[in-house]
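Next comes query-v1.cif, with mmCIF, C-alpha atoms and all ligand atoms.
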data_upload
loop_
_atom_site.label_atom_id
_atom_site.label_comp_id
_atom_site.auth_asym_id
_atom_site.auth_seq_id
_atom_site.Cartn_x
_atom_site.Cartn_y
_atom_site.Cartn_z
CA MET A 1 6.09 3.65 21.20
CA ASN A 2 5.44 0.93 18.65
CA SER A 3 3.60 2.87 15.93
CA ILE A 4 5.22 3.22 12.54
CA ILE A 5 2.73 5.82 11.42
CA SER A 6 0.93 8.14 13.77
CA LEU A 7 -1.67 10.60 12.48
CA ASN A 8 -3.01 13.11 14.90
CA ASP A 9 -6.12 15.15 14.09
CA ILE A 10 -5.49 15.38 10.34
CA SER A 11 -7.76 17.59 8.24
CA TYR A 12 -7.37 18.32 4.55
CA SER A 13 -9.33 20.21 1.89
CA TYR A 14 -8.99 20.53 -1.88
CA ASP A 15 -9.65 24.23 -2.43
CA LYS A 16 -12.51 24.68 0.01
CA LYS A 17 -13.85 21.13 -0.18
CA PRO A 18 -13.11 19.20 3.01
CA VAL A 19 -11.94 15.68 2.23
CA LEU A 20 -10.47 14.60 5.56
CA GLN A 21 -11.58 15.78 8.96
CA HIS A 22 -9.99 15.01 12.31
CA VAL A 23 -8.40 11.74 11.32
CA ASN A 24 -6.52 9.96 14.10
CA PHE A 25 -4.70 6.76 13.27
CA GLU A 26 -1.89 4.60 14.62
CA LEU A 27 -0.27 1.93 12.47
CA PRO A 28 1.41 -0.60 14.77
CA LYS A 29 4.68 -2.21 13.71
CA GLY A 30 4.08 -5.66 12.27
CA ALA A 31 0.41 -5.04 11.39
CA PHE A 32 -1.30 -5.79 8.08
CA VAL A 33 -3.95 -3.10 7.89
CA GLY A 34 -6.72 -2.95 5.31
CA LEU A 35 -7.87 0.60 4.63
CA LEU A 36 -11.43 0.36 3.33
CA GLY A 37 -14.10 2.89 2.49
CA PRO A 38 -16.34 4.21 -0.27
CA ASN A 39 -14.92 5.85 -3.38
CA GLY A 40 -14.16 9.47 -2.69
CA GLY A 41 -13.82 8.74 1.04
CA GLY A 42 -10.30 10.20 1.11
CA LYS A 43 -8.14 7.04 1.15
CA THR A 44 -5.72 8.14 -1.58
CA THR A 45 -5.50 11.60 -0.08
CA LEU A 46 -4.59 10.10 3.27
CA ILE A 47 -1.85 8.00 1.63
CA LYS A 48 -0.51 11.14 -0.09
CA ILE A 49 -0.33 12.85 3.29
CA ILE A 50 1.52 9.89 4.82
CA LEU A 51 3.99 9.89 1.91
CA GLY A 52 4.56 13.64 2.25
CA MET A 53 3.00 14.37 -1.15
CA ALA A 54 0.29 16.56 0.40
CA ARG A 55 0.50 18.71 3.49
CA PRO A 56 -2.46 18.58 5.87
CA ASP A 57 -4.25 21.82 6.76
CA GLN A 58 -4.27 20.69 10.32
CA GLY A 59 -2.76 17.94 12.44
CA THR A 60 0.54 16.12 12.63
CA VAL A 61 2.09 13.15 10.85
CA THR A 62 4.73 11.10 12.64
CA LEU A 63 6.71 8.44 10.77
CA PHE A 64 8.94 6.03 12.66
CA ASN A 65 8.69 8.32 15.71
CA LYS A 66 9.83 11.41 13.80
CA PRO A 67 7.71 14.39 12.71
CA ILE A 68 7.32 14.02 8.95
CA ASN A 69 9.34 17.18 8.19
CA GLU A 70 12.34 15.67 9.99
CA PHE A 71 11.88 12.19 8.55
CA LYS A 72 14.64 11.24 6.09
CA ASP A 73 14.60 7.44 5.93
CA TRP A 74 12.22 7.21 2.99
CA ASN A 75 13.83 3.93 1.94
CA LYS A 76 12.05 2.41 4.95
CA ILE A 77 8.77 2.96 3.13
CA GLY A 78 7.86 1.20 -0.10
CA PHE A 79 4.87 2.25 -2.19
CA VAL A 80 2.94 0.27 -4.77
CA SER A 81 0.10 2.01 -6.57
CA GLN A 82 -2.72 0.78 -8.74
CA LYS A 83 -1.16 2.59 -11.66
CA SER A 84 2.06 0.62 -11.31
CA ASN A 85 0.42 -2.16 -13.14
CA SER A 86 0.30 -0.57 -16.57
CA PHE A 87 3.28 -1.49 -18.75
CA ASN A 88 2.14 -2.33 -22.24
CA LYS A 89 3.54 -5.10 -24.38
CA GLY A 90 6.25 -3.10 -26.09
CA PHE A 91 7.73 -1.51 -22.99
CA PRO A 92 11.51 -1.96 -23.36
CA ALA A 93 12.58 -3.06 -19.89
CA THR A 94 13.23 -6.42 -18.33
CA VAL A 95 11.94 -7.53 -14.94
CA TYR A 96 15.49 -7.14 -13.61
CA GLU A 97 15.71 -3.56 -14.87
CA VAL A 98 12.33 -2.58 -13.44
CA VAL A 99 13.19 -4.02 -10.02
CA SER A 100 16.60 -2.31 -10.10
CA THR A 101 14.89 1.10 -10.24
CA GLY A 102 13.89 0.45 -6.62
CA LEU A 103 17.53 1.01 -5.74
CA THR A 104 18.18 4.14 -7.75
CA SER A 105 17.23 6.45 -4.90
CA LYS A 106 20.21 5.00 -3.06
CA VAL A 107 22.77 4.65 -5.81
CA GLY A 108 21.68 7.45 -8.17
CA TYR A 109 20.58 7.18 -11.77
CA PHE A 110 22.97 5.72 -14.34
CA LYS A 111 25.36 4.37 -11.76
CA PHE A 112 26.51 0.82 -12.15
CA PHE A 113 25.15 -1.66 -9.67
CA LYS A 114 27.60 -3.34 -7.39
CA GLN A 115 27.54 -7.10 -6.86
CA LYS A 116 25.69 -6.59 -3.55
CA ASP A 117 22.98 -4.60 -5.32
CA LYS A 118 22.63 -7.30 -7.96
CA GLU A 119 22.11 -9.86 -5.23
CA LYS A 120 19.46 -7.67 -3.60
CA ILE A 121 17.64 -7.32 -6.91
CA LEU A 122 17.70 -11.07 -7.57
CA SER A 123 16.62 -11.89 -4.04
CA ALA A 124 13.68 -9.45 -4.24
CA ILE A 125 12.57 -11.10 -7.50
CA ASP A 126 12.93 -14.47 -5.81
CA ALA A 127 10.90 -13.30 -2.79
CA VAL A 128 7.88 -12.67 -5.01
CA GLY A 129 8.31 -16.02 -6.77
CA MET A 130 9.26 -14.57 -10.16
CA SER A 131 12.88 -15.70 -10.61
CA GLU A 132 12.20 -17.53 -13.84
CA TYR A 133 11.01 -14.24 -15.39
CA THR A 134 14.11 -12.19 -14.43
CA ASN A 135 15.20 -11.51 -18.01
CA GLN A 136 11.76 -11.30 -19.55
CA ASN A 137 10.26 -8.13 -20.87
CA ILE A 138 7.92 -6.62 -18.25
CA GLY A 139 5.31 -5.85 -20.90
CA ASN A 140 4.87 -9.55 -21.66
CA LEU A 141 3.74 -10.39 -18.13
CA SER A 142 0.14 -10.50 -16.93
CA GLY A 143 -1.23 -7.76 -14.68
CA GLY A 144 -0.89 -10.00 -11.62
CA GLN A 145 2.70 -10.88 -12.47
CA GLN A 146 3.56 -7.24 -13.10
CA GLN A 147 2.15 -6.34 -9.72
CA ARG A 148 4.40 -8.95 -8.07
CA ILE A 149 7.33 -7.29 -9.81
CA PHE A 150 6.30 -3.93 -8.34
CA ILE A 151 6.31 -5.53 -4.92
CA ALA A 152 9.84 -6.75 -5.69
CA ARG A 153 10.80 -3.21 -6.70
CA ALA A 154 9.48 -1.97 -3.36
CA LEU A 155 11.29 -4.79 -1.50
CA VAL A 156 14.68 -4.11 -2.99
CA SER A 157 15.38 -1.19 -0.70
CA GLU A 158 14.51 -3.43 2.27
CA PRO A 159 11.55 -1.39 3.54
CA GLU A 160 9.97 -1.88 6.94
CA LEU A 161 6.61 -0.66 5.67
CA ILE A 162 4.91 -1.09 2.31
CA ILE A 163 1.89 1.02 1.41
CA LEU A 164 -0.29 -0.28 -1.41
CA ASP A 165 -3.07 1.72 -3.06
CA GLU A 166 -5.58 -0.62 -4.70
CA PRO A 167 -2.88 -2.93 -6.06
CA THR A 168 -5.26 -5.63 -7.28
CA VAL A 169 -7.41 -3.52 -9.60
CA GLY A 170 -7.53 -5.22 -12.99
CA ILE A 171 -6.11 -8.53 -11.74
CA ASP A 172 -8.18 -11.70 -12.14
CA SER A 173 -9.55 -13.28 -8.98
CA GLU A 174 -7.22 -16.30 -8.87
CA ASN A 175 -4.17 -14.04 -9.05
CA VAL A 176 -5.68 -11.66 -6.52
CA GLN A 177 -5.74 -14.57 -4.09
CA ARG A 178 -2.09 -15.41 -4.83
CA PHE A 179 -1.17 -11.75 -4.44
CA TYR A 180 -2.73 -11.69 -0.97
CA GLU A 181 -0.87 -14.90 -0.06
CA LEU A 182 2.37 -13.15 -1.02
CA LEU A 183 1.51 -10.11 1.11
CA HIS A 184 0.57 -12.35 4.01
CA ASP A 185 3.92 -14.10 3.71
CA LEU A 186 5.89 -10.84 3.61
CA ASN A 187 4.04 -9.67 6.68
CA LYS A 188 4.30 -12.87 8.65
CA HIS A 189 7.74 -14.15 7.71
CA ASN A 190 9.65 -11.01 6.73
CA GLY A 191 8.04 -8.82 9.39
CA ILE A 192 7.07 -6.12 6.91
CA THR A 193 4.25 -3.85 8.07
CA LEU A 194 1.58 -3.37 5.41
CA LEU A 195 -1.03 -0.70 4.81
CA LEU A 196 -3.30 -1.66 1.95
CA VAL A 197 -6.06 0.41 0.37
CA THR A 198 -8.55 -1.97 -1.18
CA HIS A 199 -12.10 -2.84 -2.13
CA ASP A 200 -11.39 -6.56 -1.73
CA THR A 201 -13.32 -6.53 1.52
CA GLY A 202 -13.93 -10.27 1.81
CA THR A 203 -10.33 -11.26 1.06
CA MET A 204 -9.03 -8.55 3.33
CA THR A 205 -10.98 -9.76 6.33
CA LYS A 206 -9.20 -13.09 5.83
CA TYR A 207 -5.65 -11.73 5.80
CA ALA A 208 -5.60 -8.39 7.64
CA THR A 209 -4.69 -7.96 11.28
CA ASP A 210 -6.72 -4.73 11.45
CA ILE A 211 -9.41 -3.06 9.38
CA VAL A 212 -9.85 0.67 9.13
CA CYS A 213 -12.76 2.41 7.39
CA LEU A 214 -12.35 5.92 6.11
CA ASN A 215 -15.12 8.15 4.93
CA ARG A 216 -13.83 11.66 5.48
CA THR A 217 -12.95 10.58 8.99
CA LEU A 218 -12.17 7.19 10.49
CA HIS A 219 -15.42 5.40 11.24
CA PHE A 220 -14.06 2.06 12.30
CA HIS A 221 -10.74 0.66 13.49
CA GLY A 222 -10.82 -2.90 14.72
CA LYS A 223 -10.14 -6.55 14.09
CA PRO A 224 -11.44 -8.23 10.91
CA GLU A 225 -13.78 -10.41 13.00
CA GLU A 226 -15.37 -7.30 14.47
CA TYR A 227 -15.68 -5.78 11.01
CA ALA A 228 -17.25 -8.96 9.64
CA ARG A 229 -19.83 -8.88 12.44
CA LEU A 230 -21.08 -5.41 11.62
CA THR A 231 -24.69 -5.44 10.55
CA GLU A 232 -25.87 -3.78 7.38
CA LYS A 233 -27.39 -1.01 9.44
CA GLU A 234 -24.19 -0.31 11.34
CA MET A 235 -22.30 -0.47 8.07
CA SER A 236 -24.44 2.14 6.36
CA LYS A 237 -24.06 4.35 9.42
CA LEU A 238 -20.32 3.88 9.21
CA TYR A 239 -20.17 4.81 5.57
CA GLY A 240 -22.75 7.55 5.75
CA HIS A 241 -24.89 6.01 3.01
CA PRO A 242 -26.14 2.59 1.90
CA VAL A 243 -23.52 -0.12 2.08
CA ASN A 244 -23.59 -1.44 -1.43
CA ILE A 245 -21.06 1.31 -2.28
CA VAL A 246 -18.38 -1.09 -1.03
CA SER A 247 -18.21 -4.30 -2.95
CA HIS A 248 -18.00 -7.45 -0.86
CA ASP A 249 -16.39 -10.60 -2.12
CA HIS A 250 -18.58 -13.65 -1.79
P1 LIG B 1 -10.60 7.63 -2.35
O1 LIG B 1 -9.17 7.26 -2.56
O2 LIG B 1 -11.16 7.14 -1.05
O3 LIG B 1 -11.48 7.29 -3.51
P2 LIG B 1 -9.67 10.35 -2.75
O4 LIG B 1 -8.70 10.71 -1.70
O5 LIG B 1 -9.14 9.98 -4.11
O6 LIG B 1 -10.66 9.22 -2.20
O7 LIG B 1 -10.67 11.55 -2.98
C1 LIG B 1 -11.39 12.17 -1.93
C2 LIG B 1 -12.18 13.35 -2.50
O8 LIG B 1 -11.26 14.35 -2.92
C3 LIG B 1 -13.04 13.01 -3.70
O9 LIG B 1 -14.24 13.73 -3.59
C4 LIG B 1 -12.23 13.50 -4.86
O10 LIG B 1 -13.05 13.91 -5.93
C5 LIG B 1 -11.49 14.69 -4.27
N1 LIG B 1 -10.17 14.89 -4.91
C6 LIG B 1 -9.20 13.96 -5.03
N2 LIG B 1 -8.11 14.49 -5.63
C7 LIG B 1 -8.42 15.77 -5.92
C8 LIG B 1 -7.72 16.86 -6.55
N3 LIG B 1 -6.46 16.70 -7.00
N4 LIG B 1 -8.35 18.05 -6.67
C9 LIG B 1 -9.60 18.23 -6.20
N5 LIG B 1 -10.33 17.26 -5.60
C10 LIG B 1 -9.76 16.05 -5.46
#
Give the structure from this file in structure tokens form.
Ligand code: ADP
Amino acid sequence: MNSIISLNDISYSYDKKPVLQHVNFELPKGAFVGLLGPNGGGKTTLIKIILGMARPDQGTVTLFNKPINEFKDWNKIGFVSQKSNSFNKGFPATVYEVVSTGLTSKVGYFKFFKQKDKEKILSAIDAVGMSEYTNQNIGNLSGGQQQRIFIARALVSEPELIILDEPTVGIDSENVQRFYELLHDLNKHNGITLLLVTHDTGTMTKYATDIVCLNRTLHFHGKPEEYARLTEKEMSKLYGHPVNIVSHDH
């Protein structure tokens, strides 16, 4: 079985409000999947379920072929959220220090880093092309640069899968493009599986291996070319309402 994540018949409600219903999804190893859908469609909730932060009312979650309640290798999964990208100017931490926090789950807080850990931290910073900023204050970097650092923080524990929830919100379009190039590179050359929640539909159809659309349940799972060929009518059927809810890049 080559799925890293397997969701079987997942349903979830907040109080009595159903948010996810009968979601089935397989994330193949090596894929770069774009998770699209209208606001409120349940994308973040689904990510929370995958990360074990919410328990589904129904259905099963399997991670790396283990039922989620038996899964222990959380260092195999990196997570980068939209809110990562929010250090203000005065924040007193260097790029090196921020990236090093990606290792604390392994070494424990306040422990000294061994030489091997230092090398891992530097190589993660290098992998995102930010070596020259290693000793700079994180708060002085742009949103796009900060987001690269959060990728480095996720990379430092050598994950097999990175989940990103709207990582490009607030980043200017040129840097969004560079950010996608970086993700593409990590996927293609480092073999890291990626699951990315995004509204960057146009860019995503260029880089993703698969596109998934979620609006309470999965309405589409296919190749970007198939997604790009959907007509407006099919699209509005997919989303349950007119398509302009999802912004397309032109
Ligand atoms: P998306 O990420 O696709 O925008 P979400 O998973 O954030 O969707 O939200 C799905 C629905 O669940 C929305 O209607 C939202 O208002 C609701 N919701 C999200 N979080 C909570 C919460 N903590 N309590 C109650 N309702 C919530």
Check every protein, DNA and RNA residue against ligand LIG 1 (chain B), keep those with an atom at most 7 Å away (counting all atoms listed in the file), and present them as a CSV table (one decimal) with C-alpha atoms, in the frame of the given file.
chain,number,residue,atom,x,y,z
A,14,TYR,CA,-9.0,20.5,-1.9
A,19,VAL,CA,-11.9,15.7,2.2
A,37,GLY,CA,-14.1,2.9,2.5
A,38,PRO,CA,-16.3,4.2,-0.3
A,39,ASN,CA,-14.9,5.8,-3.4
A,40,GLY,CA,-14.2,9.5,-2.7
A,41,GLY,CA,-13.8,8.7,1.0
A,42,GLY,CA,-10.3,10.2,1.1
A,43,LYS,CA,-8.1,7.0,1.2
A,44,THR,CA,-5.7,8.1,-1.6
A,45,THR,CA,-5.5,11.6,-0.1
A,46,LEU,CA,-4.6,10.1,3.3
*For Lys29 (chain A), which of A:Leu194, A:Val212, A:Ala228, A:Ala152 is the closest residue, counting only C-alpha atoms?*
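Among the listed residues, the smallest separation from Lys29 (chain A) belongs to A:Leu194.
Of note, CA of Leu103 (chain A) and CA of Leu7 (chain A) are spaced 28.2 Å apart.
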_Close residues, Gly191 (chain A) itself excluded, 9 Å, all atoms listed in the file, min 6 positions apart in chain, as a ChimeraX atom specification_ = /A:29-31,160,185
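In this model, the gap between CA of Ile125 (chain A) and CA of Gly78 (chain A) comes to 15.1 Å.
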*Excluding Glu158 (chain A) and residues on its chain fewer than 2 positions from it, collect all residues at most 8 Å away from it, counting only C-alpha atoms, and give them as a list in words.*
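Contacts, in chain order: Asn75, Lys76, Ala154, Leu155, Val156 and Glu160 of chain A.
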Please produce a file of those selected residues containing C-alpha atoms, as a compact mmCIF listing (two decimals), in the coordinates of the input.
# COMPACT_ATOMS: atom_id res chain seq x y z
CA ASN A 75 13.83 3.93 1.94
CA LYS A 76 12.05 2.41 4.95
CA ALA A 154 9.48 -1.97 -3.36
CA LEU A 155 11.29 -4.79 -1.50
CA VAL A 156 14.68 -4.11 -2.99
CA GLU A 160 9.97 -1.88 6.94
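Reported to one decimal place, the separation of CA of Gln82 (chain A) from CA of Pro56 (chain A) is 23.0 Å.
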*Residue contacts of region 114-120 of chain A (12 Å, all atoms listed in the file) excluding same-chain residues fewer than 6 positions away, as an NGL selection string*: :A and (96-97 or 99-104 or 106-107 or 126-127 or 134 or 152-158)
*Between A:Ile49, A:Leu36, A:Leu20, A:Val128, single out the one closest to His199 (chain A), counting all atoms listed in the file.*
A:Leu36
*Between A:Ile50, A:Leu195, A:Leu35, A:Val176, which has the minimum distance to Arg148 (chain A) (counting all atoms listed in the file)?*
A:Val176
*So, counting all atoms listed in the file, which residue among A:Asn2, A:Leu27, A:Pro67, A:Thr205 is closest to Arg229 (chain A)?*
A:Thr205
Around all of region 78-82 of chain A's listed atoms, make the axis-aligned box with 6 Å on each side and tell me centre and edge lengths in Å to one decimal, as AutoDock Vina command-line options.
--center_x 2.6 --center_y 1.3 --center_z -4.4 --size_x 22.6 --size_y 14.0 --size_z 20.6
_Residue among A:Ile77, A:Leu218, A:Leu141, A:Val197 lying closest to Phe64 (chain A), counting all atoms listed in the file_ = A:Ile77
Find the residues around Ile10 (chain A) up to 9 Å (only C-alpha atoms counted), leave out those fewer than 2 positions away in its own chain, and share them as a PDB file with C-alpha atoms, in the frame of the given file.
ATOM      1  CA  LEU A   7      -1.670  10.600  12.480  1.00  0.00           C
ATOM      2  CA  ASN A   8      -3.010  13.110  14.900  1.00  0.00           C
ATOM      3  CA  TYR A  12      -7.370  18.320   4.550  1.00  0.00           C
ATOM      4  CA  LEU A  20     -10.470  14.600   5.560  1.00  0.00           C
ATOM      5  CA  GLN A  21     -11.580  15.780   8.960  1.00  0.00           C
ATOM      6  CA  HIS A  22      -9.990  15.010  12.310  1.00  0.00           C
ATOM      7  CA  VAL A  23      -8.400  11.740  11.320  1.00  0.00           C
ATOM      8  CA  ASN A  24      -6.520   9.960  14.100  1.00  0.00           C
ATOM      9  CA  LEU A  46      -4.590  10.100   3.270  1.00  0.00           C
ATOM     10  CA  PRO A  56      -2.460  18.580   5.870  1.00  0.00           C
ATOM     11  CA  ASP A  57      -4.250  21.820   6.760  1.00  0.00           C
ATOM     12  CA  GLN A  58      -4.270  20.690  10.320  1.00  0.00           C
ATOM     13  CA  GLY A  59      -2.760  17.940  12.440  1.00  0.00           C
ATOM     14  CA  THR A  60       0.540  16.120  12.630  1.00  0.00           C
ATOM     15  CA  VAL A  61       2.090  13.150  10.850  1.00  0.00           C
ATOM     16  CA  THR A 217     -12.950  10.580   8.990  1.00  0.00           C
TER      17      THR A 217
END
*Can you pull out every residue within 8 Å of Ile211 (chain A), counting all atoms listed in the file, but drop anything in the same chain fewer than 5 positions away, and send it as number ranges by chain?*
A: 33-36, 205, 220-224, 227
